[in-house]
$ cat work.cif   # mmCIF, C-alpha atoms
data_query
#
loop_
_atom_site.group_PDB
_atom_site.id
_atom_site.type_symbol
_atom_site.label_atom_id
_atom_site.label_comp_id
_atom_site.auth_asym_id
_atom_site.auth_seq_id
_atom_site.Cartn_x
_atom_site.Cartn_y
_atom_site.Cartn_z
ATOM 1 C CA MET A 1 -6.819 11.877 -8.574
ATOM 2 C CA LYS A 2 -10.214 10.218 -9.055
ATOM 3 C CA TYR A 3 -11.135 6.626 -8.194
ATOM 4 C CA SER A 4 -14.238 4.591 -7.433
ATOM 5 C CA ALA A 5 -12.986 2.999 -4.211
ATOM 6 C CA ARG A 6 -14.374 4.268 -0.910
ATOM 7 C CA ASN A 7 -11.547 3.048 1.302
ATOM 8 C CA VAL A 8 -8.680 5.470 0.818
ATOM 9 C CA PHE A 9 -5.962 5.841 3.438
ATOM 10 C CA LYS A 10 -3.254 8.500 3.213
ATOM 11 C CA GLY A 11 0.033 7.608 4.862
ATOM 12 C CA THR A 12 3.803 7.529 4.698
ATOM 13 C CA VAL A 13 5.908 4.842 3.054
ATOM 14 C CA LYS A 14 7.611 3.122 5.969
ATOM 15 C CA GLU A 15 9.503 0.447 4.076
ATOM 16 C CA ILE A 16 9.942 -1.034 0.597
ATOM 17 C CA LYS A 17 11.243 -4.591 0.317
ATOM 18 C CA ILE A 18 12.336 -5.231 -3.272
ATOM 19 C CA GLY A 19 12.324 -8.808 -4.584
ATOM 20 C CA GLU A 20 13.136 -10.318 -7.995
ATOM 21 C CA VAL A 21 9.904 -9.125 -9.634
ATOM 22 C CA MET A 22 7.637 -7.886 -6.839
ATOM 23 C CA ALA A 23 8.027 -5.413 -3.990
ATOM 24 C CA GLU A 24 6.330 -5.298 -0.593
ATOM 25 C CA VAL A 25 5.390 -1.746 0.373
ATOM 26 C CA ILE A 26 4.467 -0.865 3.958
ATOM 27 C CA ILE A 27 2.484 2.328 4.464
ATOM 28 C CA ALA A 28 2.235 3.765 7.994
ATOM 29 C CA LEU A 29 -1.112 5.409 8.670
ATOM 30 C CA PRO A 30 -1.849 8.181 11.170
ATOM 31 C CA GLY A 31 -2.589 6.552 14.512
ATOM 32 C CA GLY A 32 0.000 3.790 14.113
ATOM 33 C CA SER A 33 -1.732 1.249 11.848
ATOM 34 C CA GLU A 34 0.006 -0.082 8.769
ATOM 35 C CA VAL A 35 -1.159 -1.276 5.361
ATOM 36 C CA VAL A 36 0.998 -3.710 3.395
ATOM 37 C CA SER A 37 0.724 -4.140 -0.363
ATOM 38 C CA THR A 38 2.591 -6.232 -2.901
ATOM 39 C CA VAL A 39 3.154 -4.527 -6.247
ATOM 40 C CA THR A 40 5.555 -4.977 -9.133
ATOM 41 C CA LYS A 41 8.982 -3.337 -9.017
ATOM 42 C CA GLU A 42 7.877 -1.425 -12.110
ATOM 43 C CA SER A 43 4.922 0.024 -10.168
ATOM 44 C CA VAL A 44 7.247 1.196 -7.383
ATOM 45 C CA ALA A 45 9.306 3.050 -9.985
ATOM 46 C CA ASN A 46 6.313 4.414 -11.929
ATOM 47 C CA LEU A 47 4.678 5.740 -8.754
ATOM 48 C CA GLY A 48 7.963 7.186 -7.491
ATOM 49 C CA LEU A 49 7.537 5.404 -4.159
ATOM 50 C CA LYS A 50 10.317 6.192 -1.702
ATOM 51 C CA LYS A 51 10.770 5.568 2.009
ATOM 52 C CA GLY A 52 9.364 8.571 3.873
ATOM 53 C CA GLY A 53 7.272 9.645 0.898
ATOM 54 C CA GLU A 54 3.535 10.192 0.929
ATOM 55 C CA ALA A 55 1.271 7.526 -0.584
ATOM 56 C CA TYR A 56 -2.336 6.400 -0.610
ATOM 57 C CA ALA A 57 -3.579 2.891 0.099
ATOM 58 C CA ILE A 58 -6.702 2.514 -2.022
ATOM 59 C CA ILE A 59 -8.663 -0.608 -1.170
ATOM 60 C CA LYS A 60 -11.469 -1.981 -3.319
ATOM 61 C CA ALA A 61 -12.497 -5.559 -2.678
ATOM 62 C CA SER A 62 -15.658 -7.503 -3.348
ATOM 63 C CA ASN A 63 -14.954 -9.848 -0.410
ATOM 64 C CA VAL A 64 -13.413 -9.632 3.007
ATOM 65 C CA ILE A 65 -12.604 -13.008 4.556
ATOM 66 C CA LEU A 66 -12.246 -13.299 8.319
ATOM 67 C CA GLY A 67 -11.124 -16.291 10.378
ATOM 68 C CA THR A 68 -10.538 -17.478 13.891
ATOM 69 C CA ASP A 69 -9.006 -20.547 15.520
#
$ encode --input "work.cif" --output "structure tokens"
Amino acid sequence: MKYSARNVFKGTVKEIKIGEVMAEVIIALPGGSEVVSTVTKESVANLGLKKGGEAYAIIKASNVILGTD
């Protein structure tokens, strides 16, 4: 697998919440952190994502927005 993103996190699929069109996928990372992504149901099927399976969270963003109260 090749990609241009620098932020790649290998983890385990903790949960998949399937909706009408989209699915929320939670990936547990080593150390206890989690990454949550929303993808299409078709992507879940095409990637073969299953609870307990291995997956990569690949993050490429031009902006990171932070906020405080």
$ resolve_selection --input "work.cif" --expression "the PyMOL selection byres ((chain A and resi 57) around 7)" --output "PyMOL selection string"
chain A and resi 8-10+55-56+58-59
$ closest_residue --input "work.cif" --among "A:Val13, A:Val44, A:Leu49, A:Leu66" --to "Pro30 in chain A" --atoms "only C-alpha atoms"
A:Val13
$ resolve_selection --input "work.cif" --expression "the PyMOL selection byres ((chain A and resi 24) around 12)" --output "MDAnalysis selection string"
chainID A and resid 13:23 25:27 35:41 43:44 49
$ write_last_selection --input "work.cif" --atoms "C-alpha atoms" --output "JSON list (two decimals), in the frame of the given file"
[["chain", "number", "residue", "atom", "x", "y", "z"],
["A", 13, "VAL", "CA", 5.91, 4.84, 3.05],
["A", 14, "LYS", "CA", 7.61, 3.12, 5.97],
["A", 15, "GLU", "CA", 9.50, 0.45, 4.08],
["A", 16, "ILE", "CA", 9.94, -1.03, 0.60],
["A", 17, "LYS", "CA", 11.24, -4.59, 0.32],
["A", 18, "ILE", "CA", 12.34, -5.23, -3.27],
["A", 19, "GLY", "CA", 12.32, -8.81, -4.58],
["A", 20, "GLU", "CA", 13.14, -10.32, -8.00],
["A", 21, "VAL", "CA", 9.90, -9.12, -9.63],
["A", 22, "MET", "CA", 7.64, -7.89, -6.84],
["A", 23, "ALA", "CA", 8.03, -5.41, -3.99],
["A", 25, "VAL", "CA", 5.39, -1.75, 0.37],
["A", 26, "ILE", "CA", 4.47, -0.86, 3.96],
["A", 27, "ILE", "CA", 2.48, 2.33, 4.46],
["A", 35, "VAL", "CA", -1.16, -1.28, 5.36],
["A", 36, "VAL", "CA", 1.00, -3.71, 3.40],
["A", 37, "SER", "CA", 0.72, -4.14, -0.36],
["A", 38, "THR", "CA", 2.59, -6.23, -2.90],
["A", 39, "VAL", "CA", 3.15, -4.53, -6.25],
["A", 40, "THR", "CA", 5.56, -4.98, -9.13],
["A", 41, "LYS", "CA", 8.98, -3.34, -9.02],
["A", 43, "SER", "CA", 4.92, 0.02, -10.17],
["A", 44, "VAL", "CA", 7.25, 1.20, -7.38],
["A", 49, "LEU", "CA", 7.54, 5.40, -4.16]]
$ closest_residue --input "work.cif" --among "A:Ala45, A:Thr12, A:Thr68, A:Arg6" --to "Gly32 in chain A" --atoms "all atoms listed in the file"
A:Thr12
$ atom_distance --input "work.cif" --atom1 "CA of Ser62 in chain A" --atom2 "CA of Asn7 in chain A"
12.2 Å
$ axis_aligned_box --input "work.cif" --around "range 37-51 of chain A" --padding-each-side "4 Å" --output "JSON"
{"center_x": 5.7, "center_y": 0.5, "center_z": -5.1, "size_x": 18.0, "size_y": 21.4, "size_z": 22.1}
$ atom_distance --input "work.cif" --atom1 "CA of Lys60 in chain A" --atom2 "CA of Met1 in chain A"
15.5 Å
$ atom_distance --input "work.cif" --atom1 "CA of Ala28 in chain A" --atom2 "CA of Lys50 in chain A"
12.9 Å
$ decode --input "work.cif" --residues "range 17-35 of chain A" --atoms "C-alpha atoms" --output "CSV table (one decimal), in the first residue's frame"
chain,number,residue,atom,x,y,z
A,17,LYS,CA,-22.4,1.8,13.2
A,18,ILE,CA,-24.3,1.3,9.9
A,19,GLY,CA,-26.8,4.0,8.8
A,20,GLU,CA,-29.0,4.4,5.7
A,21,VAL,CA,-26.1,5.4,3.4
A,22,MET,CA,-23.1,6.1,5.7
A,23,ALA,CA,-21.3,4.2,8.4
A,24,GLU,CA,-19.3,5.4,11.4
A,25,VAL,CA,-16.2,3.3,11.9
A,26,ILE,CA,-14.2,3.5,15.2
A,27,ILE,CA,-10.6,2.3,15.1
A,28,ALA,CA,-8.9,1.6,18.5
A,29,LEU,CA,-5.2,2.5,18.4
A,30,PRO,CA,-2.4,1.1,20.5
A,31,GLY,CA,-2.3,3.0,23.8
A,32,GLY,CA,-6.1,3.5,24.0
A,33,SER,CA,-6.8,6.4,21.7
A,34,GLU,CA,-9.5,6.1,19.1
A,35,VAL,CA,-10.0,7.5,15.6
